[in-house]
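**Q** Handing you a structure now.
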Amino acid sequence: MNAADTPLAGPPPPEVPLTDPPLVRVIAQVRFPLIASLEKREFIASFQEAIREFYPVLRPEEGRSVVLGSQGVVDTRSNTLWRFHEARGAWRVTLAPDFLALETTKYTSREDFMERLRLVLEALKEHVDPQVLDRLGVRYIDRVSGENLSALPQLVRPEVAGILGSPLAARAHRAVSENVFILPGNAGQITARWGLLAPQSTIDPGALDPIDEPSWILDTDAFQSFQTGSRRLDVDSAVEQARGFAERIYSIFRWAVTNEFLRRYGGDP
């Protein structure tokens, strides 16, 4: 098979820099078994000091999780989310009792993102020491709106355009497809969602803000879950796996979009 038709395997395509990228958010997350002490300010103080040069603004938030059983909701639990922001607000680190996340709305390059991920994982290992991981994932969300939305059939593959490449597009209000792929060698899986969103709607309020006009999104989430205790927290291997996920996501992005898409957003394919 041609590599362009098999984005789940083989080396990623060369990166084409975009001067006006449609990328609205990038997230990396590691999940680990619950550490109750992370609810305490004094416990997270050393972690804060380790990253405060880059993320000086700390704003705790109260989160709530819901436990579902056969009879519906059986328990709700509140927890503290420690949100560390850079001064300009485009980058954020979230530390919770069972996960650490790095996210940005101003992504510049894969290398920059991975170096920032390494920094926070090193702080996590030294000052929190979860020892094992339950899950590692990377997620990229692209959004097309405005004039480019009307030209979408020329900007993405026909199988990705879906109903928007047909006469029914004029009447479409929402049309989102979800696709789950298993990576070769049981190296994890990818959930890719793409499609049309109505104004003031979203597929994930925590990651994608609603906007006042219709838009088309490409939301790609690569991750691997681990059996309890089977994956130790090793910073180098975690960063390399995250980098591999980012490369695989980029392969899917380049498979999904046309050269005209790249040109529209300032690229030179």
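Each chain in the structure tokens gets a letter, A, B and so on, in the order shown; residues start at 1 in every chain, and ligands are counted from 1 in the order they appear.
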Can you pull out every residue within 6 Å of Phe223 (chain A), counting only C-alpha atoms, but drop anything in the same chain fewer than 5 positions away, and send it as a list of chain:residue names?

**A**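 Listing them by chain and then by number gives A:Leu136, A:Gly137, A:Gly188, A:Gln189.
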
**Q** For the selection just defined, write its residues with C-alpha atoms to a file, as an mmCIF file, in the first residue's frame.

**A**
data_model
loop_
_atom_site.group_PDB
_atom_site.id
_atom_site.type_symbol
_atom_site.label_atom_id
_atom_site.label_comp_id
_atom_site.auth_asym_id
_atom_site.auth_seq_id
_atom_site.Cartn_x
_atom_site.Cartn_y
_atom_site.Cartn_z
ATOM 1 C CA LEU A 136 -0.857 8.190 28.198
ATOM 2 C CA GLY A 137 -2.446 10.217 25.436
ATOM 3 C CA GLY A 188 -2.406 2.017 21.383
ATOM 4 C CA GLN A 189 -5.403 3.347 19.552
#

**Q** Using only C-alpha atoms, which residues sit within 9 Å of Glu178 (chain A) once same-chain residues fewer than 6 positions away are excluded, as a list in words?

**A**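 Here the answer would be Thr191, Ala192, Arg193, Trp194 and Gly195 of chain A.
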
**Q** Given the selection you just returned, output its residues as a file containing all heavy atoms, formatted as a PDB file, in the first residue's frame.

**A**
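Writing the result to out.pdb gives the following:
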ATOM      1  N   THR A 191      -8.684   7.668  18.328  1.00  0.00           N
ATOM      2  CA  THR A 191     -10.058   8.058  18.072  1.00  0.00           C
ATOM      3  C   THR A 191     -10.026   9.343  17.258  1.00  0.00           C
ATOM      4  O   THR A 191      -9.471  10.351  17.713  1.00  0.00           O
ATOM      5  CB  THR A 191     -10.846   8.277  19.374  1.00  0.00           C
ATOM      6  OG1 THR A 191     -10.860   7.063  20.131  1.00  0.00           O
ATOM      7  CG2 THR A 191     -12.278   8.699  19.086  1.00  0.00           C
ATOM      8  N   ALA A 192     -10.571   9.300  16.067  1.00  0.00           N
ATOM      9  CA  ALA A 192     -10.596  10.470  15.182  1.00  0.00           C
ATOM     10  C   ALA A 192     -12.046  10.862  14.918  1.00  0.00           C
ATOM     11  O   ALA A 192     -12.828  10.047  14.427  1.00  0.00           O
ATOM     12  CB  ALA A 192      -9.870  10.174  13.873  1.00  0.00           C
ATOM     13  N   ARG A 193     -12.371  12.079  15.287  1.00  0.00           N
ATOM     14  CA  ARG A 193     -13.710  12.603  15.029  1.00  0.00           C
ATOM     15  C   ARG A 193     -13.596  13.794  14.091  1.00  0.00           C
ATOM     16  O   ARG A 193     -12.745  14.662  14.283  1.00  0.00           O
ATOM     17  CB  ARG A 193     -14.384  13.032  16.343  1.00  0.00           C
ATOM     18  CG  ARG A 193     -14.717  11.862  17.249  1.00  0.00           C
ATOM     19  CD  ARG A 193     -15.478  12.295  18.492  1.00  0.00           C
ATOM     20  NE  ARG A 193     -14.600  12.957  19.444  1.00  0.00           N
ATOM     21  CZ  ARG A 193     -14.998  13.374  20.651  1.00  0.00           C
ATOM     22  NH1 ARG A 193     -16.264  13.244  21.017  1.00  0.00           N
ATOM     23  NH2 ARG A 193     -14.138  13.944  21.479  1.00  0.00           N
ATOM     24  N   TRP A 194     -14.449  13.788  13.080  1.00  0.00           N
ATOM     25  CA  TRP A 194     -14.467  14.932  12.174  1.00  0.00           C
ATOM     26  C   TRP A 194     -15.896  15.202  11.740  1.00  0.00           C
ATOM     27  O   TRP A 194     -16.745  14.309  11.727  1.00  0.00           O
ATOM     28  CB  TRP A 194     -13.558  14.694  10.964  1.00  0.00           C
ATOM     29  CG  TRP A 194     -13.830  13.441  10.170  1.00  0.00           C
ATOM     30  CD1 TRP A 194     -14.926  13.158   9.414  1.00  0.00           C
ATOM     31  CD2 TRP A 194     -12.962  12.302  10.043  1.00  0.00           C
ATOM     32  NE1 TRP A 194     -14.814  11.918   8.818  1.00  0.00           N
ATOM     33  CE2 TRP A 194     -13.618  11.373   9.183  1.00  0.00           C
ATOM     34  CE3 TRP A 194     -11.708  11.983  10.552  1.00  0.00           C
ATOM     35  CZ2 TRP A 194     -13.048  10.155   8.846  1.00  0.00           C
ATOM     36  CZ3 TRP A 194     -11.147  10.771  10.204  1.00  0.00           C
ATOM     37  CH2 TRP A 194     -11.808   9.873   9.368  1.00  0.00           C
ATOM     38  N   GLY A 195     -16.146  16.463  11.397  1.00  0.00           N
ATOM     39  CA  GLY A 195     -17.472  16.801  10.912  1.00  0.00           C
ATOM     40  C   GLY A 195     -17.896  18.210  11.240  1.00  0.00           C
ATOM     41  O   GLY A 195     -17.142  19.022  11.786  1.00  0.00           O
TER      42      GLY A 195
END

**Q** Could you list, as a list in words, every residue within 12 Å of Ala187 (chain A), counting only C-alpha atoms and ignoring same-chain residues fewer than 5 positions away?

**A**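 Within the cut-off, the hits are Leu8, Ala9, Leu136, Gly137, Phe181, Ile182, Ala222, Phe223, Gln224, Ser225, Phe226, Gln241, Ala242, Gly244, Phe245 and Arg248 of chain A.
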
**Q** I need the residues from that last selection saved to file as a PDB file, in the first residue's frame (with C-alpha atoms), if you can.

**A**
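Everything below was put into again.pdb:
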ATOM      1  CA  LEU A   8      -1.597   4.379  10.786  1.00  0.00           C
ATOM      2  CA  ALA A   9       1.779   2.884   9.852  1.00  0.00           C
ATOM      3  CA  LEU A 136      -0.857   8.190  28.198  1.00  0.00           C
ATOM      4  CA  GLY A 137      -2.446  10.217  25.436  1.00  0.00           C
ATOM      5  CA  PHE A 181      -8.394   2.685  14.965  1.00  0.00           C
ATOM      6  CA  ILE A 182      -6.078   0.151  16.629  1.00  0.00           C
ATOM      7  CA  ALA A 222      -4.018   8.900  20.288  1.00  0.00           C
ATOM      8  CA  PHE A 223      -3.572   6.988  23.530  1.00  0.00           C
ATOM      9  CA  GLN A 224      -2.605   3.762  25.248  1.00  0.00           C
ATOM     10  CA  SER A 225      -3.993   2.328  28.481  1.00  0.00           C
ATOM     11  CA  PHE A 226      -1.869   0.060  30.661  1.00  0.00           C
ATOM     12  CA  GLN A 241       5.723   7.613  23.115  1.00  0.00           C
ATOM     13  CA  ALA A 242       3.971  10.990  23.159  1.00  0.00           C
ATOM     14  CA  GLY A 244       5.207   8.926  18.350  1.00  0.00           C
ATOM     15  CA  PHE A 245       1.524   9.651  18.961  1.00  0.00           C
ATOM     16  CA  ARG A 248       0.851   9.469  13.960  1.00  0.00           C
TER      17      ARG A 248
END

**Q** Pick from A:Leu100, A:Val120, A:Val128, A:Val26: nearest to Ile44 (chain A), with only C-alpha atoms counted?

**A**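 Using only C-alpha atoms, Ile44 (chain A) sits closest to A:Val128.
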
**Q** I need the residues in region 135-194 of chain A that are helix (DSSP H, G or I) according to DSSP; give them as a PyMOL selection string.

**A** chain A and resi 147-150+152-155+158-165+167-171+184-186

**Q** Please produce a file of those selected residues containing N, CA and C atoms, as a compact mmCIF listing (two decimals), in the first residue's frame.

**A**
# COMPACT_ATOMS: atom_id res chain seq x y z
N GLU A 147 -14.87 31.42 5.39
CA GLU A 147 -14.90 31.15 3.94
C GLU A 147 -14.38 29.75 3.63
N ASN A 148 -13.42 29.28 4.39
CA ASN A 148 -12.85 27.96 4.11
C ASN A 148 -13.86 26.84 4.33
N LEU A 149 -14.85 27.06 5.20
CA LEU A 149 -15.85 26.03 5.44
C LEU A 149 -16.66 25.73 4.19
N SER A 150 -17.02 26.77 3.44
CA SER A 150 -17.80 26.56 2.22
C SER A 150 -17.01 25.84 1.15
N LEU A 152 -14.92 23.36 1.83
CA LEU A 152 -14.40 22.16 2.47
C LEU A 152 -14.22 20.97 1.53
N PRO A 153 -15.15 20.67 0.61
CA PRO A 153 -14.94 19.52 -0.28
C PRO A 153 -13.65 19.58 -1.08
N GLN A 154 -13.10 20.77 -1.30
CA GLN A 154 -11.82 20.91 -1.99
C GLN A 154 -10.64 20.83 -1.03
N LEU A 155 -10.93 20.88 0.29
CA LEU A 155 -9.85 20.96 1.27
C LEU A 155 -9.56 19.64 1.97
N PRO A 158 -12.64 13.06 0.07
CA PRO A 158 -14.09 12.84 -0.02
C PRO A 158 -14.64 12.02 1.14
N GLU A 159 -13.90 10.99 1.59
CA GLU A 159 -14.41 10.18 2.69
C GLU A 159 -14.43 10.93 4.01
N VAL A 160 -13.64 11.99 4.11
CA VAL A 160 -13.65 12.83 5.30
C VAL A 160 -14.70 13.92 5.19
N ALA A 161 -14.90 14.46 4.00
CA ALA A 161 -15.94 15.49 3.79
C ALA A 161 -17.32 14.90 4.06
N GLY A 162 -17.52 13.63 3.70
CA GLY A 162 -18.80 12.98 3.97
C GLY A 162 -19.98 13.72 3.36
N ILE A 163 -21.00 13.95 4.17
CA ILE A 163 -22.24 14.56 3.70
C ILE A 163 -22.00 15.98 3.20
N LEU A 164 -20.90 16.61 3.66
CA LEU A 164 -20.62 17.99 3.25
C LEU A 164 -20.12 18.06 1.82
N GLY A 165 -19.82 16.92 1.22
CA GLY A 165 -19.45 16.89 -0.18
C GLY A 165 -20.61 16.55 -1.08
N PRO A 167 -25.06 17.35 -2.15
CA PRO A 167 -26.04 18.43 -2.17
C PRO A 167 -26.75 18.64 -0.83
N LEU A 168 -26.71 17.63 0.04
CA LEU A 168 -27.34 17.79 1.35
C LEU A 168 -26.59 18.75 2.26
N ALA A 169 -25.38 19.14 1.86
CA ALA A 169 -24.57 20.03 2.70
C ALA A 169 -25.31 21.33 3.02
N ALA A 170 -26.11 21.82 2.06
CA ALA A 170 -26.80 23.09 2.27
C ALA A 170 -27.80 23.02 3.41
N ARG A 171 -28.28 21.81 3.76
CA ARG A 171 -29.26 21.64 4.83
C ARG A 171 -28.66 21.02 6.09
N PRO A 184 -0.90 -0.54 14.83
CA PRO A 184 -0.18 -1.80 14.64
C PRO A 184 0.68 -2.13 15.86
N GLY A 185 0.81 -3.43 16.14
CA GLY A 185 1.62 -3.87 17.25
C GLY A 185 1.03 -3.58 18.61
N ASN A 186 -0.30 -3.36 18.64
CA ASN A 186 -0.99 -3.02 19.89
C ASN A 186 -0.31 -1.86 20.61

**Q** Among region 23-223 of chain A, which ones does DSSP place in strand (DSSP E or B), written as JSON, numbers by chain?

**A** {"A": [23, 24, 25, 26, 27, 28, 29, 30, 31, 57, 58, 59, 60, 61, 62, 63, 64, 65, 66, 67, 68, 69, 72, 73, 74, 75, 76, 77, 78, 79, 80, 81, 82, 83, 84, 85, 91, 92, 93, 94, 95, 96, 99, 100, 101, 102, 103, 104, 132, 135, 136, 137, 138, 139, 140, 141, 142, 143, 144, 145, 156, 175, 176, 177, 178, 179, 180, 181, 182, 189, 190, 191, 192, 193, 194, 195, 196, 197, 215, 216, 217, 218, 219, 220, 221, 222, 223]}

**Q** What's the 10 Å shell around region 227-237 of chain A, counting only C-alpha atoms, without same-chain residues fewer than 3 positions away, as a PyMOL selection string?

**A** chain A and resi 30+32-33+117-125+129-135+240-243

**Q** Could you list, as a list in words, every residue within 7 Å of Arg174 (chain A), counting only C-alpha atoms and ignoring same-chain residues fewer than 2 positions away?

**A**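 Using only C-alpha atoms, the neighbours found are Ala172, Val176, Leu196, Leu197 and Ala198 of chain A.
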
**Q** Using only C-alpha atoms for the distances, tell me which of A:Asp221, A:Glu62, A:Asp20, A:Asp98 is nearest to Arg83 (chain A).

**A** A:Glu62

**Q** Rank A:Arg157, A:Arg41, A:Arg25, A:Arg263 by their smallest atom-to-atom distance to Asp219 (chain A), using only C-alpha atoms, and report the top residue only.

**A**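 Closest to Asp219 (chain A), using only C-alpha atoms: A:Arg25.
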
**Q** So that I can see what lies close to region 199-210 of chain A, please list as a PyMOL selection string the residues with an atom at most 12 Å from it, counting only C-alpha atoms and leaving out residues fewer than 6 positions away in the same chain.

**A** chain A and resi 23-28+63+101-105+139-143+145-146+173-178+193+216-219+221

**Q** For Arg254 (chain A), please output as a PyMOL selection string all residues within 10 Å (counting only C-alpha atoms; exclusion window: fewer than 5 positions along the same chain).

**A** chain A and resi 4+7+12-16+156+248-249+259+261-262

**Q** Mind giving me the straight-line distance from CA of Glu260 (chain A) to CA of Ala246 (chain A) in Å, one decimal?

**A**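 Result for CA of Glu260 (chain A) versus CA of Ala246 (chain A): 22.6 Å, one decimal.
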